[in-house]
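A.B. asks: Contents of protein_31.cif (mmCIF, C-alpha atoms):
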data_model
#
loop_
_atom_site.label_atom_id
_atom_site.label_comp_id
_atom_site.auth_asym_id
_atom_site.auth_seq_id
_atom_site.Cartn_x
_atom_site.Cartn_y
_atom_site.Cartn_z
CA ASP A 108 -28.73 47.96 -4.06
CA ALA A 109 -25.27 46.71 -4.83
CA MET A 110 -23.58 49.01 -7.25
CA VAL A 111 -20.52 50.85 -8.50
CA ILE A 112 -20.36 54.48 -7.46
CA GLN A 113 -18.14 57.15 -8.92
CA ASN A 114 -17.47 60.57 -7.45
CA PRO A 115 -17.64 63.21 -8.56
CA ARG A 116 -19.78 62.86 -11.67
CA TYR A 117 -18.24 65.99 -13.15
CA GLN A 118 -14.77 67.29 -12.36
CA VAL A 119 -13.15 70.47 -13.63
CA THR A 120 -9.45 71.00 -13.10
CA GLN A 121 -6.77 73.28 -14.41
CA PHE A 122 -3.94 72.32 -16.68
CA GLY A 123 -1.25 70.72 -14.55
CA LYS A 124 -3.27 70.64 -11.32
CA PRO A 125 -3.45 67.13 -9.81
CA VAL A 126 -6.85 65.54 -9.62
CA THR A 127 -8.22 62.38 -8.02
CA LEU A 128 -11.27 60.45 -9.14
CA SER A 129 -12.99 58.01 -6.83
CA CYS A 130 -14.73 54.68 -7.33
CA SER A 131 -16.42 52.53 -4.74
CA GLN A 132 -18.34 49.29 -4.98
CA THR A 133 -20.66 47.28 -2.79
CA LEU A 134 -20.45 44.14 -4.91
CA ASN A 135 -17.40 42.76 -3.12
CA HIS A 136 -15.79 42.10 -6.48
CA ASN A 137 -12.08 41.46 -6.36
CA VAL A 138 -11.23 43.01 -9.74
CA MET A 139 -11.55 46.74 -10.42
CA TYR A 140 -10.81 48.54 -13.67
CA TRP A 141 -10.30 52.10 -14.86
CA TYR A 142 -11.21 52.99 -18.44
CA GLN A 143 -10.73 56.25 -20.30
CA GLN A 144 -13.29 57.15 -22.93
CA LYS A 145 -12.89 60.11 -25.25
CA SER A 146 -15.81 61.60 -27.18
CA SER A 147 -17.88 58.53 -28.06
CA GLN A 148 -14.84 56.37 -28.77
CA ALA A 149 -14.39 52.89 -27.37
CA PRO A 150 -13.41 52.82 -23.70
CA LYS A 151 -9.68 52.25 -23.32
CA LEU A 152 -8.38 50.27 -20.38
CA LEU A 153 -5.83 52.18 -18.32
CA PHE A 154 -5.16 49.63 -15.59
CA HIS A 155 -6.83 47.18 -13.28
CA TYR A 156 -6.43 45.68 -9.85
CA TYR A 157 -6.71 42.00 -9.30
CA ASP A 158 -7.21 42.05 -5.55
CA LYS A 159 -4.20 44.13 -4.47
CA ASP A 160 -2.16 43.36 -7.55
CA PHE A 161 -1.85 46.34 -9.85
CA ASN A 162 -1.80 45.69 -13.61
CA ASN A 163 -0.85 48.60 -15.82
CA GLU A 164 -1.56 48.62 -19.54
CA ALA A 165 1.60 49.06 -21.58
CA ASP A 166 0.46 52.30 -23.21
CA THR A 167 -0.94 54.02 -20.12
CA PRO A 168 0.99 57.25 -19.53
CA ASP A 169 2.98 57.62 -16.32
CA ASN A 170 0.83 60.64 -15.56
CA PHE A 171 -1.92 58.22 -14.53
CA GLN A 172 -1.65 56.41 -11.22
CA SER A 173 -4.04 54.36 -9.16
CA ARG A 174 -4.54 53.30 -5.57
CA ARG A 175 -6.72 50.61 -4.06
CA PRO A 176 -6.63 50.90 -0.26
CA ASN A 177 -9.23 48.16 0.25
CA THR A 178 -11.63 45.94 -1.68
CA SER A 179 -14.33 48.59 -1.90
CA PHE A 180 -12.41 51.63 -3.07
CA CYS A 181 -10.20 52.47 -6.01
CA PHE A 182 -8.77 55.86 -6.96
CA LEU A 183 -7.47 57.30 -10.19
CA ASP A 184 -4.84 60.00 -9.78
CA ILE A 185 -3.83 62.23 -12.65
CA ARG A 186 -0.65 63.94 -11.56
CA SER A 187 -0.46 66.71 -14.15
CA PRO A 188 -3.56 66.79 -16.32
CA GLY A 189 -3.17 67.97 -19.85
CA LEU A 190 -5.84 69.10 -22.27
CA GLY A 191 -5.69 65.68 -23.90
CA ASP A 192 -6.74 64.02 -20.65
CA ALA A 193 -10.21 65.51 -20.83
CA ALA A 194 -12.47 62.49 -21.10
CA MET A 195 -15.03 60.31 -19.40
CA TYR A 196 -13.42 58.01 -16.85
CA LEU A 197 -15.25 54.77 -16.20
CA CYS A 198 -14.76 52.45 -13.27
CA ALA A 199 -15.82 48.82 -13.56
CA THR A 200 -15.74 45.71 -11.40
CA SER A 201 -15.88 41.99 -11.95
CA ARG A 202 -15.35 38.79 -10.07
CA ASP A 203 -12.54 36.56 -11.19
CA TYR A 204 -13.29 33.26 -12.80
CA GLN A 205 -16.92 34.22 -13.04
CA ARG A 206 -18.06 34.56 -16.60
CA GLU A 207 -20.36 37.41 -15.80
CA GLY A 208 -20.68 40.84 -17.22
CA PHE A 209 -18.66 43.69 -15.90
CA PHE A 210 -20.42 46.24 -13.73
CA PHE A 211 -19.80 49.85 -14.67
CA GLY A 212 -20.18 53.00 -12.67
CA PRO A 213 -21.85 56.09 -14.16
CA GLY A 214 -18.50 57.66 -15.01
CA THR A 215 -16.75 60.91 -14.16
CA ARG A 216 -16.46 63.51 -16.89
CA LEU A 217 -13.19 65.38 -16.53
CA THR A 218 -12.73 68.83 -18.02
CA VAL A 219 -9.26 70.38 -18.16
CA LEU A 220 -9.08 74.15 -18.51
CA ALA B 205 -5.29 38.46 -29.11
CA GLN B 206 -9.00 38.73 -28.55
CA SER B 207 -10.82 41.45 -30.45
CA VAL B 208 -14.23 42.52 -31.70
CA ALA B 209 -15.13 44.59 -34.72
CA GLN B 210 -18.17 46.74 -35.32
CA PRO B 211 -18.20 47.50 -39.04
CA GLU B 212 -20.83 50.24 -38.93
CA ASP B 213 -20.22 53.62 -37.33
CA GLN B 214 -23.92 54.43 -37.49
CA VAL B 215 -27.15 52.57 -38.10
CA ASN B 216 -30.35 54.41 -38.97
CA VAL B 217 -33.75 52.78 -38.64
CA ALA B 218 -37.35 53.93 -38.55
CA GLU B 219 -39.33 53.45 -35.37
CA GLY B 220 -41.22 50.17 -35.41
CA ASN B 221 -38.81 48.52 -37.83
CA PRO B 222 -36.42 45.75 -36.81
CA LEU B 223 -32.86 46.75 -36.06
CA THR B 224 -29.53 44.96 -36.28
CA VAL B 225 -26.19 46.19 -34.97
CA LYS B 226 -23.34 44.06 -36.22
CA CYS B 227 -20.38 42.63 -34.33
CA THR B 228 -17.77 40.11 -35.33
CA TYR B 229 -15.19 38.61 -33.04
CA SER B 230 -11.77 37.06 -33.13
CA VAL B 231 -10.85 34.91 -30.17
CA SER B 232 -8.79 31.89 -29.32
CA GLY B 233 -10.79 29.46 -27.30
CA ASN B 234 -14.33 30.02 -26.10
CA PRO B 235 -15.69 33.53 -26.63
CA TYR B 236 -17.30 35.48 -23.81
CA LEU B 237 -19.20 38.22 -25.59
CA PHE B 238 -21.14 41.22 -24.33
CA TRP B 239 -23.26 44.11 -25.54
CA TYR B 240 -23.40 47.42 -23.71
CA VAL B 241 -25.38 50.58 -24.41
CA GLN B 242 -24.35 54.11 -23.56
CA TYR B 243 -26.61 57.14 -23.43
CA PRO B 244 -25.11 60.66 -23.61
CA ASN B 245 -22.93 61.51 -20.60
CA ARG B 246 -23.76 58.22 -18.93
CA GLY B 247 -21.83 55.11 -18.07
CA LEU B 248 -22.16 51.79 -19.83
CA GLN B 249 -25.28 49.73 -19.27
CA PHE B 250 -25.15 45.97 -19.65
CA LEU B 251 -27.58 44.56 -22.23
CA LEU B 252 -26.72 40.91 -22.59
CA LYS B 253 -23.96 38.34 -22.73
CA TYR B 254 -23.08 35.07 -24.35
CA ILE B 255 -21.08 32.63 -22.27
CA THR B 256 -22.33 29.25 -23.36
CA GLY B 257 -25.59 27.54 -24.22
CA ASP B 258 -28.29 28.74 -26.59
CA ASN B 259 -27.08 30.75 -29.52
CA LEU B 260 -29.96 33.21 -29.15
CA VAL B 261 -29.46 35.33 -26.08
CA LYS B 262 -32.19 37.56 -24.71
CA GLY B 263 -31.34 40.68 -22.80
CA SER B 264 -32.66 43.93 -21.41
CA TYR B 265 -35.13 46.30 -23.07
CA GLY B 266 -36.26 43.72 -25.64
CA PHE B 267 -32.83 43.26 -27.18
CA GLU B 268 -31.43 39.92 -28.21
CA ALA B 269 -28.27 38.72 -29.89
CA GLU B 270 -27.44 35.74 -31.98
CA PHE B 271 -24.14 33.97 -31.53
CA ASN B 272 -22.94 32.43 -34.80
CA LYS B 273 -19.79 30.41 -34.44
CA SER B 274 -19.28 29.68 -38.13
CA GLN B 275 -19.52 33.37 -39.01
CA THR B 276 -17.81 34.52 -35.79
CA SER B 277 -20.57 37.02 -35.30
CA PHE B 278 -22.64 38.26 -32.38
CA HIS B 279 -25.15 40.69 -33.88
CA LEU B 280 -27.51 42.66 -31.68
CA LYS B 281 -31.15 42.69 -32.73
CA LYS B 282 -34.52 44.05 -31.75
CA PRO B 283 -37.80 43.24 -33.53
CA SER B 284 -39.28 46.73 -33.24
CA ALA B 285 -37.10 49.79 -32.65
CA LEU B 286 -38.06 52.67 -30.37
CA VAL B 287 -36.88 56.27 -30.60
CA SER B 288 -35.59 55.82 -27.04
CA ASP B 289 -33.23 53.08 -28.28
CA SER B 290 -31.13 55.78 -29.93
CA ALA B 291 -27.73 55.53 -28.25
CA LEU B 292 -24.19 54.28 -28.66
CA TYR B 293 -23.80 50.49 -28.64
CA PHE B 294 -20.61 48.63 -27.83
CA CYS B 295 -19.80 45.00 -28.45
CA ALA B 296 -17.10 43.58 -26.17
CA VAL B 297 -15.16 40.40 -25.52
CA ARG B 298 -13.64 39.23 -22.28
CA ASP B 299 -10.10 38.15 -22.93
CA ASP B 300 -8.18 35.40 -21.19
CA THR B 301 -6.68 37.84 -18.70
CA ASP B 302 -10.16 38.88 -17.54
CA LYS B 303 -10.10 42.22 -19.32
CA LEU B 304 -13.00 43.58 -21.35
CA ILE B 305 -12.01 44.62 -24.86
CA PHE B 306 -14.45 46.89 -26.69
CA GLY B 307 -15.34 47.40 -30.30
CA THR B 308 -15.33 50.90 -31.72
CA GLY B 309 -19.03 51.39 -31.13
CA THR B 310 -22.06 51.88 -33.35
CA ARG B 311 -24.37 54.83 -33.03
CA LEU B 312 -27.98 53.80 -33.44
CA GLN B 313 -30.40 56.48 -34.59
CA VAL B 314 -34.10 55.60 -34.56
CA PHE B 315 -36.28 58.08 -36.45
CA PRO B 316 -39.95 58.66 -35.57
#
Please go through the file and, once you have read it, give me the structure as structure tokens.
C.D. replies:
Amino acid sequence: DAMVIQNPRYQVTQFGKPVTLSCSQTLNHNVMYWYQQKSSQAPKLLFHYYDKDFNNEADTPDNFQSRRPNTSFCFLDIRSPGLGDAAMYLCATSRDYQREGFFFGPGTRLTVL
Amino acid sequence: AQSVAQPEDQVNVAEGNPLTVKCTYSVSGNPYLFWYVQYPNRGLQFLLKYITGDNLVKGSYGFEAEFNKSQTSFHLKKPSALVSDSALYFCAVRDDTDKLIFGTGTRLQVFP
């Protein structure tokens, strides 16, 4: 089945140790998003790719970076995780100009020790 | 800017009773509205959407939502609640840059 896959589901890292979260999709959607969600709060958009064009939200810290090597894959890199970066990270996809719902992956829960 | 508001942090309802989770929106132009549900430690699951057409939208798991343009509301409803419906519910709007903007969420608690 077409879907959005996130790996790993749970990630533990140490304070300041770089970490990479992965998202892949089989939907062939051209737009991919990364959201950060802290303890049952609303998901907050960090950035999104519109095809290869990277769109950063104004308040996303520089500590967060992203790569999209091809249509199917998108990575979230946290260069120096702090305790405040512990959260659920959600990947989502959509197709431009299609008024459809967004498709979310199951999320990666990041713990920072 | 597009936005949605969920005025209730939590809604409590007895099993078998009807439930309503409220959402109001503020958009310029045509609204594209969505409801998602989230169970503990899980991603967001799509319930339903309003794009155009009938004001009453039917979705997954017996949920429906009523789009009311005059009241700028998009309330989520279910005729008979189940204990398994207990979860966190998010209303969202797609803005004109193709981003999904979420409300603050409403925790639904269904008691046996």
A.B. asks: Take the PyMOL selection byres ((chain B and resi 291-305) around 7), run it mentally on this structure, and tell me the resulting residues as a list in words.
C.D. replies: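 What the PyMOL selection byres ((chain B and resi 291-305) around 7) grabs from the file is Gln206, Ser207, Val208, Cys227, Pro235, Tyr236, Leu237, Phe238, Trp239, Tyr240, Val241, Gln242, Tyr243, Asp289, Ser290, Phe306, Gly307, Thr308, Gly309, Thr310, Arg311, Leu312 and Gln313 of chain B.
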A.B. asks: For chain B, which of A:Met110, A:Ala199, A:Ala149, A:Ala194 is the closest residue, counting only C-alpha atoms?
C.D. replies: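 Nearest to chain B: A:Ala149.
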A.B. asks: Hey, which of A:Arg174, A:Arg202, A:His136, A:Lys124 ends up closest to Leu190 of chain A? Count all atoms listed in the file.
C.D. replies: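 Answer, going by the shortest atom-to-atom distance: A:Lys124.
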A.B. asks: Counting all atoms listed in the file, I want the residues whose atoms come within 10 Å of (-10.5, 32.7, -32.3) in the file frame, returned as JSON, numbers by chain.
C.D. replies: {"B": [205, 206, 207, 229, 230, 231, 232, 233, 234, 235, 273, 276]}
A.B. asks: Record the distance separating atom CA of Tyr156 of chain A and atom CA of Asn170 of chain A, expressed in Å with one decimal.
C.D. replies: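 Atom-to-atom, atom CA of Tyr156 of chain A to atom CA of Asn170 of chain A, that is 17.6 Å.
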A.B. asks: Identify all residues satisfying the PyMOL selection byres ((chain B and resi 226) around 9) in the given file; provide them as a PyMOL selection string.
C.D. replies: chain B and resi 209-212+224-225+227-228+277-281+295+310
A.B. asks: Kindly indicate which residue among A:Leu183, A:Val111, A:Ala165, A:Val219 lies nearest to Gln143 of chain A, using only C-alpha atoms for the distances.
C.D. replies: A:Leu183
A.B. asks: Where does the PyMOL selection byres ((chain A and resi 196) around 8) land in this file, that is, which residues does it pick, as a list in words?
C.D. replies: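 This file, filtered by the PyMOL selection byres ((chain A and resi 196) around 8), leaves Trp141, Tyr142, Gln143, Gln144, Ala194, Met195, Leu197, Cys198, Gly214, Thr215, Arg216 and Leu217 of chain A.
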A.B. asks: Residues of chain A within 9 Å of chain B, counting all atoms listed in the file - could you list those as a PDB file with C-alpha atoms, keeping the file's coordinate frame?
C.D. replies:
ATOM      1  CA  VAL A 138     -11.230  43.010  -9.740  1.00  0.00           C
ATOM      2  CA  TYR A 140     -10.810  48.540 -13.670  1.00  0.00           C
ATOM      3  CA  SER A 147     -17.880  58.530 -28.060  1.00  0.00           C
ATOM      4  CA  GLN A 148     -14.840  56.370 -28.770  1.00  0.00           C
ATOM      5  CA  ALA A 149     -14.390  52.890 -27.370  1.00  0.00           C
ATOM      6  CA  PRO A 150     -13.410  52.820 -23.700  1.00  0.00           C
ATOM      7  CA  LYS A 151      -9.680  52.250 -23.320  1.00  0.00           C
ATOM      8  CA  LEU A 152      -8.380  50.270 -20.380  1.00  0.00           C
ATOM      9  CA  HIS A 155      -6.830  47.180 -13.280  1.00  0.00           C
ATOM     10  CA  MET A 195     -15.030  60.310 -19.400  1.00  0.00           C
ATOM     11  CA  TYR A 196     -13.420  58.010 -16.850  1.00  0.00           C
ATOM     12  CA  LEU A 197     -15.250  54.770 -16.200  1.00  0.00           C
ATOM     13  CA  CYS A 198     -14.760  52.450 -13.270  1.00  0.00           C
ATOM     14  CA  SER A 201     -15.880  41.990 -11.950  1.00  0.00           C
ATOM     15  CA  ASP A 203     -12.540  36.560 -11.190  1.00  0.00           C
ATOM     16  CA  TYR A 204     -13.290  33.260 -12.800  1.00  0.00           C
ATOM     17  CA  ARG A 206     -18.060  34.560 -16.600  1.00  0.00           C
ATOM     18  CA  GLU A 207     -20.360  37.410 -15.800  1.00  0.00           C
ATOM     19  CA  GLY A 208     -20.680  40.840 -17.220  1.00  0.00           C
ATOM     20  CA  PHE A 209     -18.660  43.690 -15.900  1.00  0.00           C
ATOM     21  CA  PHE A 210     -20.420  46.240 -13.730  1.00  0.00           C
ATOM     22  CA  PHE A 211     -19.800  49.850 -14.670  1.00  0.00           C
ATOM     23  CA  GLY A 212     -20.180  53.000 -12.670  1.00  0.00           C
ATOM     24  CA  PRO A 213     -21.850  56.090 -14.160  1.00  0.00           C
ATOM     25  CA  GLY A 214     -18.500  57.660 -15.010  1.00  0.00           C
ATOM     26  CA  THR A 215     -16.750  60.910 -14.160  1.00  0.00           C
ATOM     27  CA  ARG A 216     -16.460  63.510 -16.890  1.00  0.00           C
TER      28      ARG A 216
END
A.B. asks: Would you pick out the contacts of Asp184 of chain A at 9 Å or less, using only C-alpha atoms, so that residues sharing its chain but fewer than 3 positions from it are not included, and give the list as a PyMOL selection string?
C.D. replies: chain A and resi 125-129+170-174
A.B. asks: Near Thr133 of chain A, within 10 Å and counting only C-alpha atoms, which residues show up once chain neighbours fewer than 2 positions away are dropped, as a CSV table (one decimal) with C-alpha atoms, keeping the file's coordinate frame?
C.D. replies:
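Listing of part_37.csv after writing:
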chain,number,residue,atom,x,y,z
A,108,ASP,CA,-28.7,48.0,-4.1
A,109,ALA,CA,-25.3,46.7,-4.8
A,110,MET,CA,-23.6,49.0,-7.2
A,111,VAL,CA,-20.5,50.8,-8.5
A,112,ILE,CA,-20.4,54.5,-7.5
A,131,SER,CA,-16.4,52.5,-4.7
A,135,ASN,CA,-17.4,42.8,-3.1
A,136,HIS,CA,-15.8,42.1,-6.5
A,178,THR,CA,-11.6,45.9,-1.7
A,179,SER,CA,-14.3,48.6,-1.9
A,180,PHE,CA,-12.4,51.6,-3.1
A.B. asks: Take the point (-16.4, 61.8, -5.5) as written in the file and pick out every residue within 8 Å of it, counting all atoms listed in the file; give the list as a list of chain:residue names.
C.D. replies: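 The distance filter leaves exactly A:Gln113, A:Asn114, A:Pro115, A:Arg116, A:Leu128, A:Ser129, A:Cys130.
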A.B. asks: Using all atoms listed in the file, which of A:Lys145, A:Leu220, A:Phe122, A:Gln132 sits nearest Asn177 of chain A?
C.D. replies: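 Using all atoms listed in the file, Asn177 of chain A sits closest to A:Gln132.
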A.B. asks: What separation in Å, quoted to one decimal, exists between atom CA of Ala285 of chain B and atom CA of Glu268 of chain B?
C.D. replies: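 Here the two named atoms are 12.2 Å from each other.
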A.B. asks: Given 8 Å of margin on each side, can you work out the centre and size in Å (one decimal) of an axis-aligned box holding every listed atom of segment 228-241 of chain B, as AutoDock Vina command-line options?
C.D. replies:
--center_x -17.1 --center_y 40.0 --center_z -29.5 --size_x 32.6 --size_y 37.1 --size_z 27.6
A.B. asks: What's the separation between atom CA of Pro316 of chain B and atom CA of Ala269 of chain B, in Å to one decimal place?
C.D. replies: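 Pair atom CA of Pro316 of chain B / atom CA of Ala269 of chain B returns 23.8 Å.
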